>>> print(open('my_file-v4.pdb').read())   # PDB, C-alpha atoms and all ligand atoms
ATOM      1  CA  MET A 761      -7.944  21.962  -1.653
ATOM      2  CA  GLN A 762      -7.455  22.970   1.971
ATOM      3  CA  TYR A 763      -5.042  20.781   3.909
ATOM      4  CA  GLN A 764      -5.392  20.197   7.635
ATOM      5  CA  ASN A 765      -3.128  19.966  10.680
ATOM      6  CA  GLY A 766      -0.485  22.265   9.216
ATOM      7  CA  LYS A 767       0.338  19.776   6.440
ATOM      8  CA  ARG A 768       1.058  20.660   2.838
ATOM      9  CA  TYR A 769      -0.557  17.492   1.527
ATOM     10  CA  ARG A 770      -3.798  15.543   1.994
ATOM     11  CA  THR A 771      -3.163  13.083   4.798
ATOM     12  CA  MET A 772      -4.928   9.847   5.627
ATOM     13  CA  SER A 773      -6.272  11.426   8.777
ATOM     14  CA  GLN A 774      -7.856  14.276   6.786
ATOM     15  CA  TYR A 775      -9.395  11.760   4.359
ATOM     16  CA  CYS A 776     -10.758   9.603   7.217
ATOM     17  CA  GLY A 777     -12.310  12.652   8.845
ATOM     18  CA  GLU A 778     -14.004  13.524   5.554
ATOM     19  CA  LYS A 779     -15.091  10.003   4.615
ATOM     20  CA  TYR A 780     -15.675   8.215   7.930
ATOM     21  CA  GLY A 781     -16.405  11.198  10.137
ATOM     22  CA  GLY A 782     -13.314  10.654  12.274
ATOM     23  CA  ARG A 783     -10.502   8.307  13.111
ATOM     24  CA  ILE A 784     -10.442   4.726  11.798
ATOM     25  CA  VAL A 785      -8.682   1.710  13.241
ATOM     26  CA  LYS A 786      -7.572  -1.048  10.876
ATOM     27  CA  ILE A 787      -8.229  -4.519  12.277
ATOM     28  CA  PRO A 788      -5.808  -6.975  10.609
ATOM     29  CA  LEU A 789      -7.528  -9.979   9.056
ATOM     30  CA  CYS A 790      -6.105 -12.967   7.205
ATOM     31  CA  SER A 791      -8.074 -14.372   4.248
ATOM     32  CA  GLY A 792      -5.810 -17.376   3.700
ATOM     33  CA  ALA A 793      -4.950 -16.179   0.176
ATOM     34  CA  THR A 794      -1.493 -16.774  -1.189
ATOM     35  CA  CYS A 795       0.205 -14.989  -4.087
ATOM     36  CA  PRO A 796       0.583 -15.894  -7.784
ATOM     37  CA  ASN A 797       4.166 -14.705  -7.564
ATOM     38  CA  ARG A 798       4.897 -17.353  -4.946
ATOM     39  CA  ASP A 799       2.898 -20.423  -5.931
ATOM     40  CA  GLY A 800       4.300 -20.637  -9.461
ATOM     41  CA  SER A 801       1.292 -19.441 -11.456
ATOM     42  CA  LYS A 802       3.156 -16.183 -12.203
ATOM     43  CA  GLY A 803       6.483 -16.782 -10.530
ATOM     44  CA  PHE A 804       8.375 -18.440  -7.713
ATOM     45  CA  GLY A 805      10.086 -16.833  -4.743
ATOM     46  CA  GLY A 806       8.036 -13.641  -4.770
ATOM     47  CA  CYS A 807       9.165 -10.040  -5.240
ATOM     48  CA  SER A 808      12.755  -9.666  -4.104
ATOM     49  CA  PHE A 809      11.828  -7.192  -1.317
ATOM     50  CA  CYS A 810       9.019  -9.387   0.093
ATOM     51  CA  SER A 811       9.899 -11.319   3.212
ATOM     52  CA  GLY A 812       7.398 -14.104   2.658
ATOM     53  CA  ASP A 813       4.678 -12.794   4.968
ATOM     54  CA  GLY A 814       3.153 -11.098   1.942
ATOM     55  CA  GLY A 815       3.685  -7.591   3.248
ATOM     56  CA  GLY A 816       1.393  -8.098   6.212
ATOM     57  CA  GLU A 817       3.659  -8.229   9.223
ATOM     58  CA  PHE A 818       0.791  -7.364  11.580
ATOM     59  CA  ALA A 819      -1.723  -9.773  10.067
ATOM     60  CA  PRO A 820      -2.822 -12.794  12.119
ATOM     61  CA  LYS A 821      -0.877 -15.928  11.249
ATOM     62  CA  GLN A 822      -3.413 -18.518  12.438
ATOM     63  CA  PRO A 823      -6.137 -19.804  10.099
ATOM     64  CA  ILE A 824      -8.955 -18.973  12.519
ATOM     65  CA  SER A 825     -12.384 -17.611  11.665
ATOM     66  CA  LEU A 826     -12.693 -13.991  10.609
ATOM     67  CA  LEU A 827     -14.925 -13.308  13.610
ATOM     68  CA  LEU A 828     -12.291 -14.610  16.055
ATOM     69  CA  GLN A 829      -9.526 -12.673  14.276
ATOM     70  CA  TYR A 830     -11.662  -9.557  14.436
ATOM     71  CA  GLU A 831     -12.441  -9.991  18.135
ATOM     72  CA  GLU A 832      -8.743 -10.554  18.851
ATOM     73  CA  GLY A 833      -7.829  -7.443  16.849
ATOM     74  CA  ILE A 834     -10.339  -5.330  18.725
ATOM     75  CA  LYS A 835      -8.843  -6.439  22.061
ATOM     76  CA  PHE A 836      -5.531  -4.828  21.019
ATOM     77  CA  ASN A 837      -7.207  -1.585  20.098
ATOM     78  CA  LEU A 838      -7.189  -0.050  23.551
ATOM     79  CA  LYS A 839      -6.186   3.393  22.371
ATOM     80  CA  TRP A 840      -9.116   4.277  20.083
ATOM     81  CA  PRO A 841     -12.121   2.169  21.131
ATOM     82  CA  ASP A 842     -14.592   4.539  19.469
ATOM     83  CA  ALA A 843     -12.798   4.701  16.115
ATOM     84  CA  VAL A 844     -14.502   3.313  13.004
ATOM     85  CA  LYS A 845     -13.386  -0.303  12.540
ATOM     86  CA  VAL A 846     -12.058  -1.252   9.114
ATOM     87  CA  GLY A 847     -11.248  -4.911   8.389
ATOM     88  CA  TYR A 848      -7.795  -4.911   6.774
ATOM     89  CA  PHE A 849      -6.723  -7.807   4.573
ATOM     90  CA  GLN A 850      -3.118  -6.703   4.224
ATOM     91  CA  ALA A 851      -1.029  -9.820   3.650
ATOM     92  CA  PHE A 852      -0.571 -11.479   0.261
ATOM     93  CA  SER A 853      -2.893 -11.039  -2.753
ATOM     94  CA  ASN A 854      -6.370 -11.283  -1.311
ATOM     95  CA  THR A 855      -8.343 -11.232  -4.575
ATOM     96  CA  TYR A 856      -6.257 -14.198  -5.735
ATOM     97  CA  LEU A 857      -8.786 -16.336  -3.828
ATOM     98  CA  PRO A 858     -11.209 -18.271  -6.037
ATOM     99  CA  ILE A 859     -14.302 -16.138  -6.549
ATOM    100  CA  GLU A 860     -16.512 -18.296  -4.284
ATOM    101  CA  GLN A 861     -14.031 -17.887  -1.422
ATOM    102  CA  LEU A 862     -13.678 -14.181  -2.094
ATOM    103  CA  GLU A 863     -17.441 -13.820  -1.906
ATOM    104  CA  ALA A 864     -17.549 -15.764   1.382
ATOM    105  CA  MET A 865     -14.763 -13.552   2.775
ATOM    106  CA  LEU A 866     -16.640 -10.382   1.846
ATOM    107  CA  ALA A 867     -19.986 -11.682   3.101
ATOM    108  CA  GLN A 868     -18.523 -12.706   6.479
ATOM    109  CA  THR A 869     -16.578  -9.478   6.883
ATOM    110  CA  ALA A 870     -19.586  -7.315   6.037
ATOM    111  CA  LYS A 871     -21.463  -9.016   8.895
ATOM    112  CA  LEU A 872     -18.809  -8.458  11.571
ATOM    113  CA  PRO A 873     -20.233  -6.479  14.487
ATOM    114  CA  ASP A 874     -19.756  -2.748  14.157
ATOM    115  CA  ILE A 875     -17.640  -3.014  10.994
ATOM    116  CA  GLY A 876     -17.312   0.317   9.177
ATOM    117  CA  GLY A 877     -15.349  -0.633   6.048
ATOM    118  CA  ILE A 878     -13.105  -3.166   4.325
ATOM    119  CA  ARG A 879      -9.633  -2.617   2.934
ATOM    120  CA  ILE A 880      -8.082  -5.247   0.680
ATOM    121  CA  ALA A 881      -4.477  -5.453  -0.521
ATOM    122  CA  THR A 882      -3.854  -7.332  -3.738
ATOM    123  CA  ARG A 883      -2.114  -7.430  -7.098
ATOM    124  CA  ALA A 884      -3.761  -5.801 -10.113
ATOM    125  CA  ASP A 885      -3.393  -9.027 -12.115
ATOM    126  CA  CYS A 886      -5.657 -10.732  -9.541
ATOM    127  CA  ILE A 887      -8.624  -8.529 -10.507
ATOM    128  CA  ASP A 888     -10.939  -9.605 -13.317
ATOM    129  CA  GLU A 889     -14.447  -8.503 -14.357
ATOM    130  CA  ARG A 890     -16.241 -10.889 -12.002
ATOM    131  CA  LYS A 891     -14.093 -10.021  -9.007
ATOM    132  CA  ALA A 892     -14.420  -6.311  -9.701
ATOM    133  CA  ASP A 893     -18.222  -6.750  -9.935
ATOM    134  CA  LEU A 894     -18.214  -8.590  -6.629
ATOM    135  CA  LEU A 895     -16.234  -5.857  -4.901
ATOM    136  CA  ALA A 896     -18.589  -3.255  -6.383
ATOM    137  CA  LYS A 897     -21.591  -5.194  -5.052
ATOM    138  CA  TYR A 898     -20.235  -5.101  -1.499
ATOM    139  CA  ALA A 899     -19.165  -1.475  -1.920
ATOM    140  CA  GLU A 900     -22.883  -0.664  -2.069
ATOM    141  CA  GLN A 901     -23.162  -1.883   1.547
ATOM    142  CA  LEU A 902     -20.045  -0.395   3.100
ATOM    143  CA  PRO A 903     -16.864   1.375   1.993
ATOM    144  CA  ILE A 904     -14.429  -0.918   0.183
ATOM    145  CA  GLU A 905     -10.930   0.277  -0.569
ATOM    146  CA  VAL A 906      -8.353  -1.677  -2.552
ATOM    147  CA  GLU A 907      -4.564  -1.388  -2.332
ATOM    148  CA  LEU A 908      -2.635  -2.312  -5.466
ATOM    149  CA  GLY A 909       1.119  -2.721  -5.395
ATOM    150  CA  LEU A 910       2.723  -1.056  -8.400
ATOM    151  CA  GLN A 911       6.191  -0.232  -6.983
ATOM    152  CA  THR A 912       7.597   1.015 -10.318
ATOM    153  CA  ILE A 913       6.460   1.642 -13.878
ATOM    154  CA  HIS A 914       9.808   0.508 -15.295
ATOM    155  CA  GLU A 915       9.877  -2.951 -16.878
ATOM    156  CA  GLN A 916      13.621  -3.295 -16.367
ATOM    157  CA  THR A 917      13.217  -2.755 -12.604
ATOM    158  CA  SER A 918      10.184  -5.055 -12.457
ATOM    159  CA  GLN A 919      12.348  -7.810 -13.851
ATOM    160  CA  ILE A 920      15.167  -7.127 -11.395
ATOM    161  CA  ILE A 921      12.772  -7.358  -8.447
ATOM    162  CA  ASN A 922      10.907 -10.365  -9.918
ATOM    163  CA  ARG A 923       7.590  -8.538  -9.872
ATOM    164  CA  CYS A 924       6.073 -10.817 -12.538
ATOM    165  CA  HIS A 925       3.449  -8.454 -13.832
ATOM    166  CA  SER A 926       3.529  -5.825 -16.540
ATOM    167  CA  LEU A 927       2.427  -2.208 -16.408
ATOM    168  CA  GLU A 928      -0.367  -3.062 -18.852
ATOM    169  CA  GLU A 929      -1.681  -5.728 -16.482
ATOM    170  CA  TRP A 930      -1.576  -3.243 -13.621
ATOM    171  CA  GLN A 931      -3.485  -0.652 -15.614
ATOM    172  CA  ALA A 932      -6.112  -3.212 -16.680
ATOM    173  CA  GLY A 933      -6.829  -4.291 -13.073
ATOM    174  CA  PHE A 934      -6.847  -0.689 -11.892
ATOM    175  CA  SER A 935      -9.307   0.321 -14.645
ATOM    176  CA  LEU A 936     -11.732  -2.475 -13.730
ATOM    177  CA  LEU A 937     -11.915  -1.090 -10.193
ATOM    178  CA  LYS A 938     -12.072   2.575 -11.198
ATOM    179  CA  GLN A 939     -14.855   1.921 -13.730
ATOM    180  CA  ARG A 940     -16.901   0.659 -10.769
ATOM    181  CA  GLY A 941     -16.100   3.636  -8.572
ATOM    182  CA  ILE A 942     -13.922   1.700  -6.119
ATOM    183  CA  TYR A 943     -11.298   3.646  -4.186
ATOM    184  CA  VAL A 944      -7.787   2.502  -5.164
ATOM    185  CA  CYS A 945      -4.563   3.215  -3.315
ATOM    186  CA  ALA A 946      -1.324   2.405  -5.185
ATOM    187  CA  HIS A 947       2.045   1.585  -3.648
ATOM    188  CA  LEU A 948       5.340   2.919  -5.002
ATOM    189  CA  ILE A 949       8.797   2.027  -3.691
ATOM    190  CA  ASN A 950      11.642   4.525  -3.903
ATOM    191  CA  GLY A 951      15.239   3.346  -4.072
ATOM    192  CA  LEU A 952      14.695   0.144  -6.057
ATOM    193  CA  PRO A 953      17.884  -1.334  -7.596
ATOM    194  CA  ASP A 954      19.366   0.680 -10.471
ATOM    195  CA  GLU A 955      16.594   3.318 -10.381
ATOM    196  CA  THR A 956      17.568   6.957 -10.781
ATOM    197  CA  GLU A 957      15.677   9.837  -9.207
ATOM    198  CA  GLN A 958      14.188  10.622 -12.620
ATOM    199  CA  MET A 959      12.828   7.075 -12.913
ATOM    200  CA  MET A 960      11.128   7.405  -9.506
ATOM    201  CA  LEU A 961       9.615  10.740 -10.499
ATOM    202  CA  ASP A 962       8.423   9.225 -13.790
ATOM    203  CA  SER A 963       6.639   6.474 -11.834
ATOM    204  CA  ALA A 964       4.892   9.143  -9.753
ATOM    205  CA  LYS A 965       3.998  11.154 -12.880
ATOM    206  CA  TRP A 966       2.464   8.126 -14.584
ATOM    207  CA  LEU A 967       0.466   7.238 -11.474
ATOM    208  CA  ALA A 968      -0.691  10.826 -11.037
ATOM    209  CA  LYS A 969      -2.073  10.739 -14.592
ATOM    210  CA  GLN A 970      -4.160   7.675 -13.693
ATOM    211  CA  ARG A 971      -5.871   9.830 -11.038
ATOM    212  CA  VAL A 972      -5.301   7.230  -8.369
ATOM    213  CA  ASP A 973      -7.321   7.931  -5.187
ATOM    214  CA  GLY A 974      -4.540   7.290  -2.699
ATOM    215  CA  VAL A 975      -0.846   6.528  -2.710
ATOM    216  CA  LYS A 976       1.584   4.925  -0.284
ATOM    217  CA  LEU A 977       5.192   5.939  -0.884
ATOM    218  CA  HIS A 978       7.786   3.636   0.618
ATOM    219  CA  MET A 979      11.530   3.571   1.027
ATOM    220  CA  LEU A 980      13.016   0.258  -0.115
ATOM    221  CA  HIS A 981      13.530  -1.851   2.997
ATOM    222  CA  VAL A 982      15.949  -4.752   3.159
ATOM    223  CA  ILE A 983      13.985  -7.202   5.278
ATOM    224  CA  ARG A 984      15.202 -10.428   6.829
ATOM    225  CA  GLY A 985      13.880 -13.420   4.886
ATOM    226  CA  SER A 986      13.727 -11.621   1.516
ATOM    227  CA  GLN A 987      15.800 -12.326  -1.597
ATOM    228  CA  LEU A 988      17.021  -8.743  -1.362
ATOM    229  CA  ALA A 989      18.499  -9.514   2.056
ATOM    230  CA  VAL A 990      20.498 -12.381   0.544
ATOM    231  CA  GLU A 991      21.784 -10.069  -2.213
ATOM    232  CA  TYR A 992      22.551  -7.323   0.301
ATOM    233  CA  LYS A 993      24.549  -9.717   2.474
ATOM    234  CA  THR A 994      26.527 -11.092  -0.485
ATOM    235  CA  GLN A 995      27.174  -7.731  -2.045
ATOM    236  CA  PRO A 996      25.931  -4.725  -0.036
ATOM    237  CA  PHE A 997      24.497  -2.087  -2.369
ATOM    238  CA  GLU A 998      23.877   1.586  -1.770
ATOM    239  CA  LEU A 999      20.484   2.609  -0.402
ATOM    240  CA  LEU A1000      19.002   6.102  -0.410
ATOM    241  CA  SER A1001      20.002   8.325   2.488
ATOM    242  CA  LEU A1002      17.332  10.117   4.517
ATOM    243  CA  GLU A1003      18.188  13.376   2.729
ATOM    244  CA  GLN A1004      17.888  11.800  -0.738
ATOM    245  CA  TYR A1005      14.601  10.142   0.181
ATOM    246  CA  VAL A1006      13.102  13.362   1.534
ATOM    247  CA  GLU A1007      14.104  15.248  -1.618
ATOM    248  CA  ILE A1008      12.511  12.639  -3.896
ATOM    249  CA  VAL A1009       9.329  12.292  -1.840
ATOM    250  CA  CYS A1010       8.799  16.069  -1.754
ATOM    251  CA  LYS A1011       9.059  16.162  -5.555
ATOM    252  CA  GLN A1012       6.593  13.270  -5.843
ATOM    253  CA  ILE A1013       4.067  14.927  -3.492
ATOM    254  CA  ARG A1014       4.105  17.977  -5.779
ATOM    255  CA  ILE A1015       3.379  15.760  -8.799
ATOM    256  CA  PHE A1016       0.236  14.083  -7.397
ATOM    257  CA  HIS A1017      -3.199  15.628  -7.910
ATOM    258  CA  PRO A1018      -4.131  17.901  -4.977
ATOM    259  CA  GLU A1019      -6.943  15.523  -3.928
ATOM    260  CA  THR A1020      -4.985  12.260  -3.989
ATOM    261  CA  VAL A1021      -4.678  10.974  -0.446
ATOM    262  CA  ILE A1022      -1.034  10.676   0.575
ATOM    263  CA  GLU A1023      -1.659   7.666   2.752
ATOM    264  CA  ARG A1024       1.895   6.929   3.728
ATOM    265  CA  LEU A1025       5.295   8.562   3.339
ATOM    266  CA  THR A1026       7.484   6.157   5.206
ATOM    267  CA  GLY A1027       7.506   2.465   6.013
ATOM    268  CA  ASP A1028       6.136   0.841   9.123
ATOM    269  CA  GLY A1029       8.361  -2.235   9.190
ATOM    270  CA  ALA A1030       9.220  -4.134  12.346
ATOM    271  CA  LYS A1031      12.582  -3.271  13.935
ATOM    272  CA  SER A1032      13.355  -6.956  14.486
ATOM    273  CA  THR A1033      13.280  -7.770  10.762
ATOM    274  CA  LEU A1034      14.726  -4.590   9.240
ATOM    275  CA  ILE A1035      18.331  -4.902   8.056
ATOM    276  CA  ALA A1036      18.667  -1.541   6.279
ATOM    277  CA  PRO A1037      18.306   1.398   6.110
ATOM    278  CA  THR A1038      17.871   1.959   9.837
ATOM    279  CA  TRP A1039      17.060   5.683   9.527
ATOM    280  CA  THR A1040      13.520   4.649   8.574
ATOM    281  CA  LEU A1041      12.939   3.433  12.131
ATOM    282  CA  ASN A1042      12.677   7.028  13.292
ATOM    283  CA  LYS A1043       9.397   7.602  11.540
ATOM    284  CA  ARG A1044       8.700  10.909  13.292
ATOM    285  CA  ASN A1045      12.018  12.289  12.058
ATOM    286  CA  VAL A1046      11.290  11.218   8.464
ATOM    287  CA  LEU A1047       7.863  12.884   8.495
ATOM    288  CA  ASN A1048       9.175  16.044  10.151
ATOM    289  CA  SER A1049      12.001  16.258   7.608
ATOM    290  CA  ILE A1050       9.481  16.010   4.756
ATOM    291  CA  ASP A1051       7.277  18.727   6.301
ATOM    292  CA  LYS A1052      10.290  20.955   6.848
ATOM    293  CA  ARG A1053      11.558  20.552   3.289
ATOM    294  CA  LEU A1054       8.123  21.216   1.764
ATOM    295  CA  SER A1055       7.919  24.359   3.838
ATOM    296  CA  GLN A1056      11.419  25.512   2.791
ATOM    297  CA  LEU A1057      10.459  25.012  -0.844
ATOM    298  CA  GLU A1058       7.063  26.694  -0.287
ATOM    299  CA  ALA A1059       5.740  23.617  -2.045
ATOM    300  CA  TRP A1060       2.273  22.039  -1.918
ATOM    301  CA  GLN A1061       0.816  18.772  -3.059
ATOM    302  CA  GLY A1062      -0.249  19.117  -6.662
ATOM    303  CA  ASP A1063       1.592  22.315  -7.527
ATOM    304  CA  ARG A1064       3.419  20.323 -10.229
ATOM    305  CA  PHE A1065       0.507  18.097 -11.244
ATOM    306  CA  GLU A1066       0.470  17.846 -15.034
ATOM    307  CA  GLY A1067      -2.962  16.293 -15.613
TER     308      GLY A1067
HETATM  309  S1  LIG B   1       5.040  -8.320  -2.374
HETATM  310 FE1  LIG B   1       2.946  -8.988  -2.783
HETATM  311  S2  LIG B   1       3.035  -9.630  -4.930
HETATM  312 FE2  LIG B   1       5.145  -9.594  -4.233
HETATM  313  S3  LIG B   1       5.558 -11.690  -3.512
HETATM  314 FE3  LIG B   1       4.920 -10.495  -1.710
HETATM  315  S4  LIG B   1       2.713 -10.870  -1.583
HETATM  316 FE4  LIG B   1       3.331 -11.463  -3.663
END
>>> encode(input="my_file-v4.pdb", output="structure tokens")
Amino acid sequence: MQYQNGKRYRTMSQYCGEKYGGRIVKIPLCSGATCPNRDGSKGFGGCSFCSGDGGGEFAPKQPISLLLQYEEGIKFNLKWPDAVKVGYFQAFSNTYLPIEQLEAMLAQTAKLPDIGGIRIATRADCIDERKADLLAKYAEQLPIEVELGLQTIHEQTSQIINRCHSLEEWQAGFSLLKQRGIYVCAHLINGLPDETEQMMLDSAKWLAKQRVDGVKLHMLHVIRGSQLAVEYKTQPFELLSLEQYVEIVCKQIRIFHPETVIERLTGDGAKSTLIAPTWTLNKRNVLNSIDKRLSQLEAWQGDRFEG
């Protein structure tokens, strides 16, 4: 695999060039879905790191039509007017919608003017056969990509962060999508409470074996409004330093298959809501540090992939 732009891993921009023929712009859309880990069907209070906006800080908050949301989103895209437009349902668990509503959401989005693809964030336990079939049906019309939060493979950590789904449930939802040829990007969080470096690497190794299409690697953020923020205020706990994070992420990049898209290596959280760690705000510095360390190690994505 040849990597572009001087990188030692397959970036999102390389993938978009290959798949969409150039740059994409994600237009945030809100489906109105909630989350089974908030409404009581799986749990209450949500994951301890989630601030209550469902991980979609840039998503529209008003329940307005998808067309209006889309038009509003396009107005803000002054920088790349010619980029391929991808409708991005980022907040909450979008396939948690009843199937009729999910179908209406997909049908309306597919008809938006000039739309080039749909990206949907959700939980793996909100995918069943019928919903996977529905996504596959629309994937025949335009690219559909699904983001599944995994965060960790370790049950003990899942309980600490109140994740309220098991690894088996995650794998079942993932398999339903993969059997239908749908692109899946998984999220992992580094620095979760009580996790050692080895545990984080084991999560990456397990995910690499699943041959996930894309991965977003995050540093644990303590965000205002989350349960973690309450715990951090009561009893501040140690978070990974920039140096520790870079070291771990470089090892994880080496573990993933050479073709997995490394969609994200650092968080994109809003400055106004971030409590700690503040080094993540300098995104450029984080990315440069990762590039520099990979180069020092003469390391490449996939050179430690175990299959
Ligand atoms: S992170 Fe996702 S799964 Fe967890 S509470 Fe927030 S929306 Fe629900």
>>> closest_residue(input="my_file-v4.pdb", among="A:Ala884, A:Val975, A:Leu1041, A:Val906", to="ligand LIG 1 (chain B)", atoms="all atoms listed in the file")
A:Ala884
>>> residues_around(input="my_file-v4.pdb", residues="Gln764 in chain A", least_positions_apart="3", cutoff="10 Å", atoms="only C-alpha atoms", output="PDB file with C-alpha atoms, in the frame of the given file")
ATOM      1  CA  MET A 761      -7.944  21.962  -1.653  1.00  0.00           C
ATOM      2  CA  LYS A 767       0.338  19.776   6.440  1.00  0.00           C
ATOM      3  CA  ARG A 768       1.058  20.660   2.838  1.00  0.00           C
ATOM      4  CA  TYR A 769      -0.557  17.492   1.527  1.00  0.00           C
ATOM      5  CA  ARG A 770      -3.798  15.543   1.994  1.00  0.00           C
ATOM      6  CA  THR A 771      -3.163  13.083   4.798  1.00  0.00           C
ATOM      7  CA  SER A 773      -6.272  11.426   8.777  1.00  0.00           C
ATOM      8  CA  GLN A 774      -7.856  14.276   6.786  1.00  0.00           C
ATOM      9  CA  TYR A 775      -9.395  11.760   4.359  1.00  0.00           C
TER      10      TYR A 775
END
>>> residues_around(input="my_file-v4.pdb", residues="range 1025-1032 of chain A", least_positions_apart="5", cutoff="12 Å", atoms="all atoms listed in the file", output="PyMOL selection string")
chain A and resi 769-772+810-811+813+815-818+947-950+974-985+1002+1005-1006+1008-1010+1012-1013+1037-1051
>>> closest_atom_pairs(input="my_file-v4.pdb", of="chain A", to="ligand LIG 1 (chain B)", cutoff="7 Å", atoms="all atoms listed in the file", output="CSV")
residue,atom,partner,partner_atom,distance
A:Cys795,CA,B:LIG1,FE4,4.7
A:Pro796,CA,B:LIG1,FE4,6.6
A:Asn797,CA,B:LIG1,FE4,5.1
A:Arg798,CA,B:LIG1,S3,5.9
A:Gly805,CA,B:LIG1,S3,7.0
A:Gly806,CA,B:LIG1,S3,3.4
A:Cys807,CA,B:LIG1,FE2,4.2
A:Phe809,CA,B:LIG1,S1,7.0
A:Cys810,CA,B:LIG1,FE3,4.6
A:Gly812,CA,B:LIG1,FE3,6.2
A:Gly814,CA,B:LIG1,S4,3.6
A:Gly815,CA,B:LIG1,S1,5.8
A:Ala851,CA,B:LIG1,S4,6.5
A:Phe852,CA,B:LIG1,S4,3.8
A:Ser853,CA,B:LIG1,S4,5.7
A:Arg883,CA,B:LIG1,S2,6.0
A:Arg923,CA,B:LIG1,FE2,6.2
>>> atom_distance(input="my_file-v4.pdb", atom1="CA of Gly833 in chain A", atom2="CA of Cys790 in chain A")
11.2 Å
>>> axis_aligned_box(input="my_file-v4.pdb", around="range 790-799 of chain A", padding_each_side="6 Å", output="lines of an AutoDock Vina configuration file")
center_x = -1.6
center_y = -16.7
center_z = -0.3
size_x = 25.0
size_y = 19.5
size_z = 27.0
>>> atom_distance(input="my_file-v4.pdb", atom1="CA of Pro953 in chain A", atom2="CA of Ser918 in chain A")
9.8 Å
>>> atom_distance(input="my_file-v4.pdb", atom1="CA of Asn765 in chain A", atom2="CA of Gly847 in chain A")
26.3 Å
